[in-house]
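K.L.:
Right, I'll just put the structure down here and ask away after.
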Amino acid sequence: MSHLLEVKNLDVKFDTDEGRITAVENISLSVDQGEVLGIVGESGSGKSVTAKSIMKLNPGNTSYNEDAEIILDNENVLQFTSKQDLKKIRGGKVSMIFQEPMASFAPAIKIGAQMVEQLLIHKNINKDEAKSISINMLKRVGIADAEKRFNQYAFELSGGMRQRAMIAMALSTMPKLLLADEPTTALDVTIQAQVINLIKDIIKEYQMGVIFITHDLGVIAQVADHVAVMYLGSVVEKGPVNEILKNPKHPYTKGLLQALPDINNLDAPLSPIPGNIPSPLDRPTGCVFRTRCPHHNPEGKDGKIKMKLIEVEPGHWVDQCGIQCGQNG
Amino acid sequence: MGDNLISVNNVSVNFDYQENFISKKQKIHAVNNINIKIKKGSFFGLVGESGSGKTTLGRAILGANKISSGNVIFHDDERDYDLTDINKQDLKEYRKKAQLIFQDPYAALSPRMTVRDIIAEPLEVMKITNSRQETDERVRDIAAKCRLNIEHLRRFPHAFSGGQRQRISIARALVSNPKFIVADESVAALDVSIQADILNLLKHLQSELNLTYLFISHDLSVVAHVCDVVAVMYLGHIVEMGPSRELFKNPKHSYTKALLSSIPSIDPEKRSEAIELKGEIPSALNPPPGCVFRTRCPNPGIDCKGGEITMGLTEVEPGHWVDQCCVL
Ligand SMILES: Nc1ncnc2c1ncn2[C@@H]1O[C@H](COP(=O)(O)OP(=O)(O)OP(=O)(O)O)[C@@H](O)[C@H]1O
Ligand SMILES: Nc1ncnc2c1ncn2[C@@H]1O[C@H](COP(=O)(O)OP(=O)(O)OP(=O)(O)O)[C@@H](O)[C@H]1O
Ligand code: SF4
Ligand code: SF4
Ligand SMILES: [Mg+2]
Ligand SMILES: [Mg+2]
């Protein structure tokens with residue numbers, strides 16, 4: 001069976017005054033119906049850019065490589081140019097929950113009106129039906145007095161309510177693929193649990209595929225089936241969630257897990273991965289993690305090695321250099 | 001008031017809600033009768049339900065929201081500022097001393113300004129520096145502390161990832177050397193490593209610059225690590241407050257217990273051991289009488305007088321306060 005979504009060898013570059021920025025390099029991912037793929041990784045590692053590519057939402061200064069493919073439902077999204085085609089991936093087959101809730105609601109239009117309009121564009125229903133679907137969705141994401149909140153502007157809602165309203169809007173069209181970019185960062189943990197359960201129910205009910213971007217490894221553990229770990233535009237490790245969290249191989253993945261604050265050990269210092277993320281303008285040659293890797297050997301091959309994923313256990317892929325350092329360290 | 005920097009006394013904040021022009025005005029009870037004292041040099045944590053009034057309270061303390069009743073006093077070294085009754089000149093002074101790091105960095109950063117100008121703006125608006133050179137130095141200094149590269153300074157915010165933008169807003173808040181910072185979900189958008197990094201930075205600056213923080217966050221592990229005192233909010237009320245270790249080890253209020261049980265486990269095999277909250281989520285437009293948590297409380301005790309009692313904190317251990325209805 002073919003995948004719902006398959007991203008093959010994707011590079012994303014931005015032209016800026018200071019030159020060409022490589023935000024994403026040679027990424028391949030797939031998502032099946034009813035599956036949740038989690039993406040984790042350092043800030044600036046290209047998670048949002050990857051998700052936006054799937055809806056062709058990156059700005060005008062973006063370029064994609066010619067041999068890249070983003071196959072959704074057997075069509076290559078990167079070839080889409082007509083309005084009709086773009087409509088299919090923007091709110092039709094694909095919905096996105098954006099990282100910044102404020103950015104996705106127009107400030108001067110009530111949130112209810114925006115939800116209704118969206119539904120009218122993509123579904124063959126009338127206004128009243130759209131309104132009742134919207135209010136029902138607002139209730140399901142845990143918004144009290146949904147009928148009244150429906151009549152408010154985004155700035156009148158709390159941060160977490162805005163985020164939930166956006167989740168409600170994205171789910172209301174029942175897309176085939178949901179791109180959720182840090183969808184629960186503004187929610188308290190009880191509401192977060194509720195929203196995660198809702199998303200899981202809907203995935204089951206509609207066999208939706210989901211890309212779930214988050215830096216919260218606890219959330220990843222709760223929702224994802226598979227995980228891809230990104231660093232500076234590359235996927236350095238990917239595999240089943242259990243494998244990645246319990247048996248991480250790449251030094252970057254290990255570093256991320258060690259940086260987690262442990263609520264059961266408050267005396268432990270917070271331990272970030274040392275060093276700075278290199279600028280995407282000068283990505284390190286060879287292994288992208290080498291400027292911060294604790295196992296980096298200046299005499300070694302790190303600088304010359306080519307980034308390439310290798311399967312170490314069934315379904316568990318690690319960057320080839322990551323395998324060696326995993327064993328040495 | 002000796003070692004307190006901020007006193008919040010019986011503060012309530014309401015907003016108006018009106019369905020349309022002809023319908024009756026209703027009130028959103030965002031913050032209800034809140035009393036807190038924030039000690040100088042402390043890291044005061046504010047956690048709680050989404051929509052419970054944390055941002056509103058933080059903004060009220062900064063003088064950025066009207067206060068419907070009660071008062072907020074800022075005890076500076078030389079004098080007190082009463083924010084409920086403050087003139088323009090004093091408010092200007094106060095704004096130098098108290099800064100906000102926003103919840104939503106996207107909305108907070110002007111798209112038409114370079115990162116350098118965004119960070120420099122408070123210095124220029126408040127006329128803190130005397131020359132462009134001095135401004136540049138301070139901007140570079142704080143940018144480096146927030147792990148932004150020099151070359152980043154020339155770019156516009158749209159070219160940054162969410163986490164990078166958050167570091168820009170942190171740099172902007174810290175550049176004027178304030179005494180008091182309200183950090184509203186300031187690390188929520190950051191990956192764990194940078195989060196740890198920024199928290200270490202905030203801690204470090206706290207001792208170096210003698211800063212006091214009101215730290216609003218949904219991330220309880222983070223709060224447990226950095227905060228000395230924590231207050232838990234639910235539907236406009238503080239339902240529990242105390243020294244952070246004590247509160248996390250020994251939560252008393254049913255809402256606090258449910259909250260702590262819901263922290264997602266990093267172990268994929270341990271999905272969902274959370275105390276699930278069922279029942280109607282009450283609305284700030286129409287809060288239930290008596291205990292505000294009553295409609296969802298998973299374990300109202302035999303003695304629970306939830307329906308009758310008025311909300312108010314009782315001290316159960318030194319410094320550990322719990323809503324009285326949950327104690328009785
Ligand atoms: N329009 C743009 N022009 C130039 N550079 C850009 C643009 N959009 C993104 N970038 C750069 O691309 C890189 C990847 O950004 P992206 O937003 O995908 O990061 P992210 O992984 O989502 O991070 P975060 O966790 O902080 O949200 C960053 O270095 C960012 O500065
Ligand atoms: N400008 C406003 N106009 C009308 N209502 C408002 C306004 N600002 C806040 N509110 C309301 O006040 C209540 C408290 O909101 P607040 O933003 O303080 O919550 P919060 O605790 O910060 O939540 P979150 O964790 O989701 O950010 C909510 O019901 C919200 O809708
Ligand atoms: S190749 Fe070298 S620098 Fe890169 S992850 Fe492996 S050990 Fe670390
Ligand atoms: S007073 Fe009763 S209903 Fe309210 S939180 Fe306590 S036990 Fe629950
Ligand atoms: Mg992002
Ligand atoms: Mg808030």
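Ordered as shown in the structure tokens, chains take letters A, B, and onward, while each chain numbers its residues from 1 and ligands are numbered from 1 in the order shown.
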Near B:Lys40, counting only C-alpha atoms, which residues have an atom at most 9 Å away, once you skip same-chain residues fewer than 6 positions from it, shown as a ChimeraX atom specification?

P.N.:
/B:3-6,180,210-213

K.L.:
Would you save the residues of that selection, restricted to all heavy atoms, as a compact mmCIF listing (two decimals), in the first residue's frame?

P.N.:
# COMPACT_ATOMS: atom_id res chain seq x y z
N ASP B 3 11.09 43.05 52.50
CA ASP B 3 11.70 42.28 51.44
C ASP B 3 10.75 41.92 50.31
O ASP B 3 11.08 41.13 49.45
CB ASP B 3 12.36 41.02 52.02
CG ASP B 3 11.43 40.28 52.94
OD1 ASP B 3 10.34 40.81 53.23
OD2 ASP B 3 11.78 39.17 53.37
N ASN B 4 9.54 42.49 50.29
CA ASN B 4 8.67 42.25 49.14
C ASN B 4 8.92 43.28 48.05
O ASN B 4 9.15 44.44 48.34
CB ASN B 4 7.21 42.32 49.56
CG ASN B 4 6.80 41.09 50.37
OD1 ASN B 4 7.36 40.01 50.18
ND2 ASN B 4 5.87 41.28 51.28
N LEU B 5 8.85 42.81 46.82
CA LEU B 5 8.97 43.75 45.71
C LEU B 5 7.58 44.15 45.22
O LEU B 5 7.33 45.28 44.85
CB LEU B 5 9.77 43.12 44.57
CG LEU B 5 10.03 44.03 43.37
CD1 LEU B 5 11.01 45.13 43.74
CD2 LEU B 5 10.57 43.23 42.18
N ILE B 6 6.67 43.17 45.22
CA ILE B 6 5.32 43.41 44.71
C ILE B 6 4.29 42.92 45.74
O ILE B 6 4.42 41.82 46.27
CB ILE B 6 5.06 42.59 43.42
CG1 ILE B 6 6.16 42.82 42.39
CG2 ILE B 6 3.67 42.82 42.89
CD1 ILE B 6 5.86 43.80 41.32
N PHE B 180 12.19 43.81 37.52
CA PHE B 180 11.11 42.82 37.63
C PHE B 180 10.71 42.37 36.23
O PHE B 180 10.53 43.19 35.34
CB PHE B 180 9.92 43.46 38.35
CG PHE B 180 8.71 42.58 38.44
CD1 PHE B 180 8.77 41.37 39.09
CD2 PHE B 180 7.51 42.98 37.87
CE1 PHE B 180 7.64 40.55 39.17
CE2 PHE B 180 6.38 42.17 37.95
CZ PHE B 180 6.45 40.95 38.60
N ASN B 210 20.19 40.97 40.20
CA ASN B 210 19.22 41.08 41.28
C ASN B 210 17.78 41.20 40.76
O ASN B 210 17.04 42.09 41.14
CB ASN B 210 19.57 42.30 42.14
CG ASN B 210 19.13 42.07 43.57
OD1 ASN B 210 18.58 41.00 43.88
ND2 ASN B 210 19.35 43.05 44.41
N LEU B 211 17.44 40.29 39.86
CA LEU B 211 16.12 40.33 39.24
C LEU B 211 15.08 39.54 40.03
O LEU B 211 15.41 38.60 40.75
CB LEU B 211 16.20 39.69 37.85
CG LEU B 211 16.74 40.55 36.71
CD1 LEU B 211 16.96 39.67 35.50
CD2 LEU B 211 15.74 41.63 36.39
N THR B 212 13.85 39.95 39.87
CA THR B 212 12.73 39.20 40.44
C THR B 212 11.83 38.79 39.27
O THR B 212 11.58 39.58 38.38
CB THR B 212 11.93 40.11 41.40
OG1 THR B 212 12.84 40.61 42.38
CG2 THR B 212 10.81 39.35 42.08
N TYR B 213 11.35 37.55 39.30
CA TYR B 213 10.53 37.07 38.18
C TYR B 213 9.14 36.64 38.62
O TYR B 213 8.98 36.02 39.67
CB TYR B 213 11.15 35.82 37.55
CG TYR B 213 12.46 36.03 36.85
CD1 TYR B 213 13.64 35.66 37.46
CD2 TYR B 213 12.51 36.56 35.56
CE1 TYR B 213 14.86 35.82 36.81
CE2 TYR B 213 13.72 36.73 34.91
CZ TYR B 213 14.89 36.35 35.54
OH TYR B 213 16.08 36.51 34.89

K.L.:
Report the residues of stretch 95-228 of chain A whose backbone DSSP state falls under helix (DSSP H, G or I), written as number ranges by chain.

P.N.:
A: 101-104, 111-122, 127-140, 146-149, 154-156, 159-172, 189-206, 217-223

K.L.:
Using only C-alpha atoms, find which residues of chain A lie within 7 Å of chain B and jot them down as a PyMOL selection string.

P.N.:
chain A and resi 41-44+100+102-103+144-145+151+158+160-161+185+187-190+193+215+217-219+221-222+242+256+259-263+266+270-273

K.L.:
Using only C-alpha atoms, determine which residues lie at most 12 Å from stretch 314-326 of chain B, disregarding the query and same-chain residues fewer than 2 positions distant; provide the list as a ChimeraX atom specification.

P.N.:
/B:34-37,228-234,237-257,290-294,297,299-312,328

K.L.:
Given the choices B:Gln166, B:Val8, B:Ser23, B:Ile38, which gets closest to B:Phe102 if the distance is worked out from only C-alpha atoms?

P.N.:
B:Gln166

K.L.:
Give me the residues within 6 Å of B:Val31 as a list in words, counting only C-alpha atoms and dropping any in the same chain fewer than 5 places off.

P.N.:
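Surrounding residues, per the criterion: Ser12, Val13, Gly53 and Gly236 of chain B.
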
K.L.:
Write the selection just made, keeping N, CA, C and O atoms, as an mmCIF file, in the first residue's frame?

P.N.:
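Resulting contents of selection-v5.cif:
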data_model
loop_
_atom_site.group_PDB
_atom_site.id
_atom_site.type_symbol
_atom_site.label_atom_id
_atom_site.label_comp_id
_atom_site.auth_asym_id
_atom_site.auth_seq_id
_atom_site.Cartn_x
_atom_site.Cartn_y
_atom_site.Cartn_z
ATOM 1 N N SER B 12 -9.068 42.203 41.473
ATOM 2 C CA SER B 12 -9.975 41.577 40.512
ATOM 3 C C SER B 12 -9.881 42.304 39.180
ATOM 4 O O SER B 12 -9.669 43.523 39.152
ATOM 5 N N VAL B 13 -10.016 41.551 38.096
ATOM 6 C CA VAL B 13 -10.062 42.157 36.762
ATOM 7 C C VAL B 13 -11.241 41.552 36.008
ATOM 8 O O VAL B 13 -11.354 40.324 35.910
ATOM 9 N N GLY B 53 -6.581 33.145 34.013
ATOM 10 C CA GLY B 53 -6.312 34.531 34.378
ATOM 11 C C GLY B 53 -4.844 34.851 34.651
ATOM 12 O O GLY B 53 -4.532 35.923 35.156
ATOM 13 N N GLY B 236 -9.760 32.045 37.575
ATOM 14 C CA GLY B 236 -9.671 33.370 38.184
ATOM 15 C C GLY B 236 -9.237 33.397 39.636
ATOM 16 O O GLY B 236 -9.019 34.468 40.194
#

K.L.:
What's around A:Ser28 at 10 Å? Count only C-alpha atoms, leave out sequence neighbours fewer than 2 positions away in its own chain, and write the answer as a PyMOL selection string.

P.N.:
chain A and resi 6-11+25-26+30+68-70+228+234-235+309

K.L.:
So that I have them on file, write out the residues from the current selection with C-alpha atoms, as a PDB file, in the first residue's frame.

P.N.:
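Result file follows (part-v1.pdb):
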ATOM      1  CA  GLU A   6       5.801  10.631   1.210  1.00  0.00           C
ATOM      2  CA  VAL A   7       8.521  13.264   1.278  1.00  0.00           C
ATOM      3  CA  LYS A   8      11.565  12.282  -0.757  1.00  0.00           C
ATOM      4  CA  ASN A   9      14.981  13.954  -0.727  1.00  0.00           C
ATOM      5  CA  LEU A  10      13.665  17.377   0.109  1.00  0.00           C
ATOM      6  CA  ASP A  11      15.975  20.396   0.303  1.00  0.00           C
ATOM      7  CA  GLU A  25      18.633  19.175   3.526  1.00  0.00           C
ATOM      8  CA  ASN A  26      17.815  15.853   1.997  1.00  0.00           C
ATOM      9  CA  SER A  30       6.457   9.122   5.249  1.00  0.00           C
ATOM     10  CA  ALA A  68      12.519  16.491  -4.453  1.00  0.00           C
ATOM     11  CA  GLU A  69       9.050  14.974  -4.250  1.00  0.00           C
ATOM     12  CA  ILE A  70       6.215  15.472  -1.823  1.00  0.00           C
ATOM     13  CA  ALA A 228      11.998  11.801  13.389  1.00  0.00           C
ATOM     14  CA  SER A 234      18.734  17.076   8.680  1.00  0.00           C
ATOM     15  CA  VAL A 235      16.957  14.072  10.100  1.00  0.00           C
ATOM     16  CA  LEU A 309      20.648   7.221   7.399  1.00  0.00           C
TER      17      LEU A 309
END
